[in-house]
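Colleague: Once you've had a glance at the structure underneath, I'll fire off some questions.
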Amino acid sequence: MNILFIGPPGSGKGTQSKRLNDEYGLTHLSTGDMFRKAISEQTEVGMKAKAFMDRGEYVPDSVVIEMIKNRLAEADCASGFILDGFPRTEPQAKALQDLLITLGMKLDGVFFFDVKKEVLVQRLSSRRTCRNCNRVVSDDQLNTDFGLLTCPQKTGGACDFYQRDDDKAEVVMKRIDVYQNQTMPLIQFYEGKGNFLRIDGSLAPDEVFKLIENSCKKS
């Protein structure tokens, strides 16, 4: 299965990506992770991206597509992938479509995680991240044994959880507004293509997983 996830922060894409990896071995492709890896390894495309980022400029679509092309050629994508974070606009979606045709690949499913703004704000603003290992939990989980999780980065020590600045309620609302304004044309681009599914992201994770799984089996 090769699938694309579209959805704002906090919509559940990460939860479903992990489960699809566990169940089917699908590789989660986050453009942010790809940039960091390409830059740390000082690949040609990584250095191209870094030059723009160091100047505070957006990385051009052509460079991002080149990076994705290189990443899809790696062995762990052979059994399928989940693309998350790209495309964000209709021109990017068209560029990705052309790339997949060139590579002889296709998307078996495009899933839009539709979640009301107030639910997203509640989810993200209750999120806490370990300063050392970056593990993420919710406030509710911190009130259970999760608050005593052993941190893999600290010998015998527990995770040190805090609230990231971009998880604070006022910042979360701005992030969601920007995402929704950017993404509506993208949703319209994919909606009529037959393999598009709008998912109620407020459903239980097991229900969301079944919707994704059943949709891909039909494609």
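Convention: chains lettered A, B, ... in structure tokens order; per-chain residue numbering from 1; ligands numbered from 1 as shown.
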Which residues come within 10 Å of stretch 198-212 of chain A, counting only C-alpha atoms, excluding same-chain residues fewer than 3 positions away, as a ChimeraX atom specification?
Modeller: /A:3,6-7,10-13,15-17,19-20,109-116,119-120,187,191,215-217
Colleague: For the residues in that selection, give me N, CA and C atoms as a PDB file, in the first residue's frame.
Modeller:
```pdb
ATOM      1  N   ILE A   3       0.168   5.244   0.473  1.00  0.00           N
ATOM      2  CA  ILE A   3      -0.938   6.115   0.842  1.00  0.00           C
ATOM      3  C   ILE A   3      -0.453   7.506   1.233  1.00  0.00           C
ATOM      4  N   ILE A   6      -3.499  13.467   4.695  1.00  0.00           N
ATOM      5  CA  ILE A   6      -3.680  14.918   4.748  1.00  0.00           C
ATOM      6  C   ILE A   6      -4.416  15.227   6.041  1.00  0.00           C
ATOM      7  N   GLY A   7      -3.932  16.184   6.784  1.00  0.00           N
ATOM      8  CA  GLY A   7      -4.627  16.532   8.016  1.00  0.00           C
ATOM      9  C   GLY A   7      -3.808  17.471   8.866  1.00  0.00           C
ATOM     10  N   GLY A  10      -2.326  17.116  15.158  1.00  0.00           N
ATOM     11  CA  GLY A  10      -3.246  16.616  16.173  1.00  0.00           C
ATOM     12  C   GLY A  10      -4.422  15.831  15.636  1.00  0.00           C
ATOM     13  N   SER A  11      -4.450  15.577  14.320  1.00  0.00           N
ATOM     14  CA  SER A  11      -5.601  14.896  13.732  1.00  0.00           C
ATOM     15  C   SER A  11      -5.503  13.375  13.815  1.00  0.00           C
ATOM     16  N   GLY A  12      -4.361  12.854  14.251  1.00  0.00           N
ATOM     17  CA  GLY A  12      -4.233  11.406  14.424  1.00  0.00           C
ATOM     18  C   GLY A  12      -3.377  10.716  13.385  1.00  0.00           C
ATOM     19  N   LYS A  13      -2.737  11.481  12.497  1.00  0.00           N
ATOM     20  CA  LYS A  13      -1.928  10.867  11.443  1.00  0.00           C
ATOM     21  C   LYS A  13      -0.772  10.050  12.021  1.00  0.00           C
ATOM     22  N   THR A  15      -0.537   8.522  14.957  1.00  0.00           N
ATOM     23  CA  THR A  15      -1.040   7.282  15.568  1.00  0.00           C
ATOM     24  C   THR A  15      -1.298   6.218  14.511  1.00  0.00           C
ATOM     25  N   GLN A  16      -1.958   6.617  13.411  1.00  0.00           N
ATOM     26  CA  GLN A  16      -2.287   5.665  12.359  1.00  0.00           C
ATOM     27  C   GLN A  16      -1.045   5.228  11.582  1.00  0.00           C
ATOM     28  N   SER A  17      -0.088   6.139  11.424  1.00  0.00           N
ATOM     29  CA  SER A  17       1.156   5.783  10.731  1.00  0.00           C
ATOM     30  C   SER A  17       1.899   4.692  11.492  1.00  0.00           C
ATOM     31  N   ARG A  19       0.644   2.484  13.539  1.00  0.00           N
ATOM     32  CA  ARG A  19      -0.071   1.212  13.482  1.00  0.00           C
ATOM     33  C   ARG A  19       0.093   0.547  12.111  1.00  0.00           C
ATOM     34  N   LEU A  20       0.038   1.352  11.057  1.00  0.00           N
ATOM     35  CA  LEU A  20       0.220   0.800   9.713  1.00  0.00           C
ATOM     36  C   LEU A  20       1.636   0.262   9.527  1.00  0.00           C
ATOM     37  N   GLY A 109      -4.450   5.086  -1.686  1.00  0.00           N
ATOM     38  CA  GLY A 109      -5.464   5.784  -0.906  1.00  0.00           C
ATOM     39  C   GLY A 109      -4.969   7.151  -0.485  1.00  0.00           C
ATOM     40  N   VAL A 110      -5.891   8.124  -0.494  1.00  0.00           N
ATOM     41  CA  VAL A 110      -5.619   9.476   0.012  1.00  0.00           C
ATOM     42  C   VAL A 110      -6.627   9.728   1.120  1.00  0.00           C
ATOM     43  N   PHE A 111      -6.140   9.992   2.316  1.00  0.00           N
ATOM     44  CA  PHE A 111      -7.015  10.092   3.489  1.00  0.00           C
ATOM     45  C   PHE A 111      -6.894  11.470   4.124  1.00  0.00           C
ATOM     46  N   PHE A 112      -8.041  12.142   4.208  1.00  0.00           N
ATOM     47  CA  PHE A 112      -8.101  13.445   4.848  1.00  0.00           C
ATOM     48  C   PHE A 112      -8.689  13.282   6.244  1.00  0.00           C
ATOM     49  N   PHE A 113      -7.894  13.593   7.249  1.00  0.00           N
ATOM     50  CA  PHE A 113      -8.325  13.498   8.642  1.00  0.00           C
ATOM     51  C   PHE A 113      -9.047  14.794   9.007  1.00  0.00           C
ATOM     52  N   ASP A 114     -10.357  14.723   9.032  1.00  0.00           N
ATOM     53  CA  ASP A 114     -11.190  15.903   9.273  1.00  0.00           C
ATOM     54  C   ASP A 114     -11.552  15.960  10.761  1.00  0.00           C
ATOM     55  N   VAL A 115     -11.052  16.969  11.459  1.00  0.00           N
ATOM     56  CA  VAL A 115     -11.288  17.097  12.895  1.00  0.00           C
ATOM     57  C   VAL A 115     -11.645  18.546  13.201  1.00  0.00           C
ATOM     58  N   LYS A 116     -12.654  18.746  14.038  1.00  0.00           N
ATOM     59  CA  LYS A 116     -13.061  20.101  14.384  1.00  0.00           C
ATOM     60  C   LYS A 116     -11.938  20.825  15.117  1.00  0.00           C
ATOM     61  N   VAL A 119     -11.485  20.410  18.869  1.00  0.00           N
ATOM     62  CA  VAL A 119     -10.926  19.112  19.268  1.00  0.00           C
ATOM     63  C   VAL A 119      -9.410  19.123  19.093  1.00  0.00           C
ATOM     64  N   LEU A 120      -8.939  19.687  17.975  1.00  0.00           N
ATOM     65  CA  LEU A 120      -7.506  19.766  17.719  1.00  0.00           C
ATOM     66  C   LEU A 120      -6.798  20.607  18.786  1.00  0.00           C
ATOM     67  N   ILE A 187      -7.488  19.421  -0.967  1.00  0.00           N
ATOM     68  CA  ILE A 187      -8.581  18.473  -0.760  1.00  0.00           C
ATOM     69  C   ILE A 187      -9.461  18.403  -2.002  1.00  0.00           C
ATOM     70  N   GLU A 191     -10.295  15.040  -4.130  1.00  0.00           N
ATOM     71  CA  GLU A 191     -11.610  14.525  -3.736  1.00  0.00           C
ATOM     72  C   GLU A 191     -12.317  13.739  -4.835  1.00  0.00           C
ATOM     73  N   SER A 215     -10.542   0.660   2.990  1.00  0.00           N
ATOM     74  CA  SER A 215     -10.477   1.468   1.786  1.00  0.00           C
ATOM     75  C   SER A 215      -9.330   1.020   0.882  1.00  0.00           C
ATOM     76  N   CYS A 216      -8.179   0.730   1.470  1.00  0.00           N
ATOM     77  CA  CYS A 216      -7.026   0.295   0.687  1.00  0.00           C
ATOM     78  C   CYS A 216      -7.237  -1.075   0.068  1.00  0.00           C
ATOM     79  N   LYS A 217      -7.955  -1.952   0.754  1.00  0.00           N
ATOM     80  CA  LYS A 217      -8.229  -3.288   0.222  1.00  0.00           C
ATOM     81  C   LYS A 217      -9.140  -3.227  -0.996  1.00  0.00           C
TER      82      LYS A 217
END
```
Colleague: Could you pull out the strand (DSSP E) residues of stretch 21-197 of chain A from DSSP and send them as a ChimeraX atom specification?
Modeller: /A:27-30,81-84,109-114,127-130,136-138,161-162,196-197
Colleague: In terms of the shortest atom-to-atom distance over only C-alpha atoms, which of A:Leu29, A:Leu148, A:Ala51, A:Leu107 is closest to A:Gly85?
Modeller: A:Leu29
Colleague: Name the closest residue to A:Val137 among the candidates A:Tyr179, A:Tyr162, A:Val121, A:Ser62; distances are taken between atoms, counting only C-alpha atoms.
Modeller: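 Result for the nearest residue to A:Val137: A:Tyr162.
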Colleague: With a distance cut-off of 12 Å and only C-alpha atoms, select the neighbouring residues of A:Ala95, excluding the residue or stretch itself and same-chain residues fewer than 2 positions from it, and output the selection as an NGL selection string.
Modeller: :A and (60-66 or 68-69 or 86-93 or 97-102)
Colleague: For the selection just defined, write its residues with C-alpha atoms to a file, as a compact mmCIF listing (two decimals), in the first residue's frame.
Modeller:
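Resulting contents of out06.txt:
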```txt
# COMPACT_ATOMS: atom_id res chain seq x y z
CA PRO A 60 11.37 25.12 -3.74
CA ASP A 61 8.99 22.36 -4.74
CA SER A 62 11.53 21.04 -7.25
CA VAL A 63 14.05 20.38 -4.45
CA VAL A 64 11.42 18.72 -2.25
CA ILE A 65 10.31 16.49 -5.12
CA GLU A 66 13.93 15.52 -5.79
CA ILE A 68 11.13 12.51 -2.17
CA LYS A 69 12.25 10.77 -5.37
CA PHE A 86 3.73 16.81 1.37
CA PRO A 87 1.95 17.87 -0.73
CA ARG A 88 0.39 20.91 0.95
CA THR A 89 -0.76 22.79 -2.16
CA GLU A 90 -2.31 21.86 -5.50
CA PRO A 91 0.88 22.59 -7.52
CA GLN A 92 2.79 20.27 -5.18
CA ALA A 93 0.12 17.60 -5.63
CA GLN A 97 1.48 12.92 -9.34
CA ASP A 98 3.98 13.34 -12.19
CA LEU A 99 6.79 11.90 -10.03
CA LEU A 100 4.81 8.79 -9.13
CA ILE A 101 3.96 8.18 -12.78
CA THR A 102 7.67 8.46 -13.64
```
Colleague: Taking into account only C-alpha atoms, which residue in the set A:Cys151, A:Asn195, A:Gly156, A:Tyr24 is nearest to A:Asp76?
Modeller: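 Closest candidate: A:Tyr24.
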Colleague: Just the number, please: distance in Å from atom CA of A:Leu26 to atom CA of A:Cys77, one decimal.
Modeller: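 One can read the atom CA of A:Leu26 to atom CA of A:Cys77 distance as 7.2 Å.
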Colleague: As a ChimeraX atom specification, please: every residue in stretch 69-138 of chain A that DSSP puts in helix (DSSP H, G or I).
Modeller: /A:69-72,75-77,90-103,117-125
Colleague: Restricting the output to N, CA and C atoms, write the selected residues as a PDB file, in the first residue's frame.
Modeller:
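What landed in result-v1.pdb:
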```pdb
ATOM      1  N   LYS A  69      11.863  11.778  -4.367  1.00  0.00           N
ATOM      2  CA  LYS A  69      12.247  10.775  -5.372  1.00  0.00           C
ATOM      3  C   LYS A  69      13.387   9.907  -4.852  1.00  0.00           C
ATOM      4  N   ASN A  70      14.403  10.536  -4.269  1.00  0.00           N
ATOM      5  CA  ASN A  70      15.534   9.792  -3.718  1.00  0.00           C
ATOM      6  C   ASN A  70      15.097   8.886  -2.574  1.00  0.00           C
ATOM      7  N   ARG A  71      14.193   9.403  -1.747  1.00  0.00           N
ATOM      8  CA  ARG A  71      13.751   8.630  -0.573  1.00  0.00           C
ATOM      9  C   ARG A  71      12.935   7.416  -0.991  1.00  0.00           C
ATOM     10  N   LEU A  72      12.081   7.565  -1.997  1.00  0.00           N
ATOM     11  CA  LEU A  72      11.242   6.456  -2.439  1.00  0.00           C
ATOM     12  C   LEU A  72      12.066   5.326  -3.048  1.00  0.00           C
ATOM     13  N   ALA A  75      15.331   1.104   0.135  1.00  0.00           N
ATOM     14  CA  ALA A  75      14.790  -0.255   0.269  1.00  0.00           C
ATOM     15  C   ALA A  75      13.567  -0.331   1.174  1.00  0.00           C
ATOM     16  N   ASP A  76      13.505   0.501   2.221  1.00  0.00           N
ATOM     17  CA  ASP A  76      12.397   0.372   3.173  1.00  0.00           C
ATOM     18  C   ASP A  76      11.064   0.826   2.622  1.00  0.00           C
ATOM     19  N   CYS A  77      11.062   1.457   1.440  1.00  0.00           N
ATOM     20  CA  CYS A  77       9.801   1.881   0.815  1.00  0.00           C
ATOM     21  C   CYS A  77       9.230   0.809  -0.113  1.00  0.00           C
ATOM     22  N   GLU A  90      -1.953  22.552  -4.259  1.00  0.00           N
ATOM     23  CA  GLU A  90      -2.307  21.864  -5.504  1.00  0.00           C
ATOM     24  C   GLU A  90      -1.124  21.735  -6.459  1.00  0.00           C
ATOM     25  N   PRO A  91      -0.289  22.773  -6.651  1.00  0.00           N
ATOM     26  CA  PRO A  91       0.877  22.589  -7.524  1.00  0.00           C
ATOM     27  C   PRO A  91       1.807  21.475  -7.033  1.00  0.00           C
ATOM     28  N   GLN A  92       1.972  21.358  -5.731  1.00  0.00           N
ATOM     29  CA  GLN A  92       2.793  20.274  -5.183  1.00  0.00           C
ATOM     30  C   GLN A  92       2.152  18.924  -5.459  1.00  0.00           C
ATOM     31  N   ALA A  93       0.826  18.856  -5.363  1.00  0.00           N
ATOM     32  CA  ALA A  93       0.120  17.603  -5.633  1.00  0.00           C
ATOM     33  C   ALA A  93       0.302  17.176  -7.084  1.00  0.00           C
ATOM     34  N   LYS A  94       0.266  18.135  -8.001  1.00  0.00           N
ATOM     35  CA  LYS A  94       0.468  17.823  -9.423  1.00  0.00           C
ATOM     36  C   LYS A  94       1.898  17.347  -9.673  1.00  0.00           C
ATOM     37  N   ALA A  95       2.869  17.978  -8.988  1.00  0.00           N
ATOM     38  CA  ALA A  95       4.263  17.560  -9.137  1.00  0.00           C
ATOM     39  C   ALA A  95       4.470  16.147  -8.594  1.00  0.00           C
ATOM     40  N   LEU A  96       3.836  15.854  -7.464  1.00  0.00           N
ATOM     41  CA  LEU A  96       3.925  14.504  -6.896  1.00  0.00           C
ATOM     42  C   LEU A  96       3.284  13.484  -7.828  1.00  0.00           C
ATOM     43  N   GLN A  97       2.157  13.825  -8.416  1.00  0.00           N
ATOM     44  CA  GLN A  97       1.476  12.922  -9.344  1.00  0.00           C
ATOM     45  C   GLN A  97       2.387  12.574 -10.516  1.00  0.00           C
ATOM     46  N   ASP A  98       3.057  13.572 -11.074  1.00  0.00           N
ATOM     47  CA  ASP A  98       3.979  13.336 -12.193  1.00  0.00           C
ATOM     48  C   ASP A  98       5.154  12.457 -11.758  1.00  0.00           C
ATOM     49  N   LEU A  99       5.670  12.699 -10.541  1.00  0.00           N
ATOM     50  CA  LEU A  99       6.791  11.904 -10.034  1.00  0.00           C
ATOM     51  C   LEU A  99       6.405  10.435  -9.902  1.00  0.00           C
ATOM     52  N   LEU A 100       5.237  10.179  -9.327  1.00  0.00           N
ATOM     53  CA  LEU A 100       4.814   8.790  -9.127  1.00  0.00           C
ATOM     54  C   LEU A 100       4.618   8.068 -10.456  1.00  0.00           C
ATOM     55  N   ILE A 101       4.108   8.780 -11.447  1.00  0.00           N
ATOM     56  CA  ILE A 101       3.958   8.184 -12.779  1.00  0.00           C
ATOM     57  C   ILE A 101       5.331   7.806 -13.334  1.00  0.00           C
ATOM     58  N   THR A 102       6.300   8.713 -13.174  1.00  0.00           N
ATOM     59  CA  THR A 102       7.667   8.465 -13.645  1.00  0.00           C
ATOM     60  C   THR A 102       8.270   7.235 -12.973  1.00  0.00           C
ATOM     61  N   LEU A 103       7.961   7.064 -11.685  1.00  0.00           N
ATOM     62  CA  LEU A 103       8.521   5.947 -10.922  1.00  0.00           C
ATOM     63  C   LEU A 103       7.710   4.661 -11.075  1.00  0.00           C
ATOM     64  N   LYS A 117     -11.885  22.138  14.890  1.00  0.00           N
ATOM     65  CA  LYS A 117     -10.801  22.949  15.435  1.00  0.00           C
ATOM     66  C   LYS A 117     -10.708  22.839  16.955  1.00  0.00           C
ATOM     67  N   GLU A 118     -11.865  22.855  17.630  1.00  0.00           N
ATOM     68  CA  GLU A 118     -11.830  22.820  19.093  1.00  0.00           C
ATOM     69  C   GLU A 118     -11.248  21.502  19.615  1.00  0.00           C
ATOM     70  N   VAL A 119     -11.485  20.410  18.869  1.00  0.00           N
ATOM     71  CA  VAL A 119     -10.926  19.112  19.268  1.00  0.00           C
ATOM     72  C   VAL A 119      -9.410  19.123  19.093  1.00  0.00           C
ATOM     73  N   LEU A 120      -8.939  19.687  17.975  1.00  0.00           N
ATOM     74  CA  LEU A 120      -7.506  19.766  17.719  1.00  0.00           C
ATOM     75  C   LEU A 120      -6.798  20.607  18.786  1.00  0.00           C
ATOM     76  N   VAL A 121      -7.408  21.730  19.128  1.00  0.00           N
ATOM     77  CA  VAL A 121      -6.795  22.609  20.137  1.00  0.00           C
ATOM     78  C   VAL A 121      -6.689  21.874  21.463  1.00  0.00           C
ATOM     79  N   GLN A 122      -7.755  21.138  21.825  1.00  0.00           N
ATOM     80  CA  GLN A 122      -7.738  20.413  23.092  1.00  0.00           C
ATOM     81  C   GLN A 122      -6.661  19.328  23.082  1.00  0.00           C
ATOM     82  N   ARG A 123      -6.578  18.601  21.968  1.00  0.00           N
ATOM     83  CA  ARG A 123      -5.595  17.516  21.869  1.00  0.00           C
ATOM     84  C   ARG A 123      -4.168  18.052  21.977  1.00  0.00           C
ATOM     85  N   LEU A 124      -3.869  19.077  21.171  1.00  0.00           N
ATOM     86  CA  LEU A 124      -2.498  19.553  21.097  1.00  0.00           C
ATOM     87  C   LEU A 124      -2.073  20.317  22.344  1.00  0.00           C
ATOM     88  N   SER A 125      -2.994  21.090  22.908  1.00  0.00           N
ATOM     89  CA  SER A 125      -2.619  21.889  24.080  1.00  0.00           C
ATOM     90  C   SER A 125      -2.490  21.025  25.332  1.00  0.00           C
TER      91      SER A 125
END
```
Colleague: Between atom CA of A:Asp22 and atom CA of A:Glu213, measure the distance and give it in Å to one decimal.
Modeller: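 The value is 13.1 Å.
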Colleague: Of the candidates A:Ser79, A:Asn134, A:Asn214, A:Ser40, which shows the shortest atom-to-atom distance to A:Asn21, using only C-alpha atoms?
Modeller: A:Ser79
Colleague: List the spatial neighbours of A:Gln153 as a list of chain:residue names - criterion: any atom at most 9 Å away, only C-alpha atoms, same-chain residues fewer than 6 positions off excluded.
Modeller: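 Here the answer would be A:Asn132, A:Cys133, A:Cys159.
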Colleague: Measuring atom to atom with only C-alpha atoms, identify which of A:Pro9, A:Arg135, A:Gln180, A:Pro185 is nearest to A:Asp166.
Modeller: A:Pro9
Colleague: Fewer than 6 positions away in the same chain doesn't count, so skip those; otherwise give me all residues within 10 Å of A:Asp140, counting only C-alpha atoms, as number ranges by chain.
Modeller: A: 126-127, 146-147
Colleague: Selection from above, C-alpha atoms, as a compact mmCIF listing (two decimals), in the first residue's frame, can you write it?
Modeller:
```
# COMPACT_ATOMS: atom_id res chain seq x y z
CA SER A 126 -2.80 18.87 26.42
CA ARG A 127 0.28 17.31 24.81
CA PHE A 146 2.95 7.29 32.02
CA GLY A 147 4.30 10.05 34.25
```
Colleague: So, counting only C-alpha atoms, which residue among A:Ile176, A:Val59, A:Thr150, A:Gln163 is closest to A:Ser138?
Modeller: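 Nearest to A:Ser138: A:Gln163.
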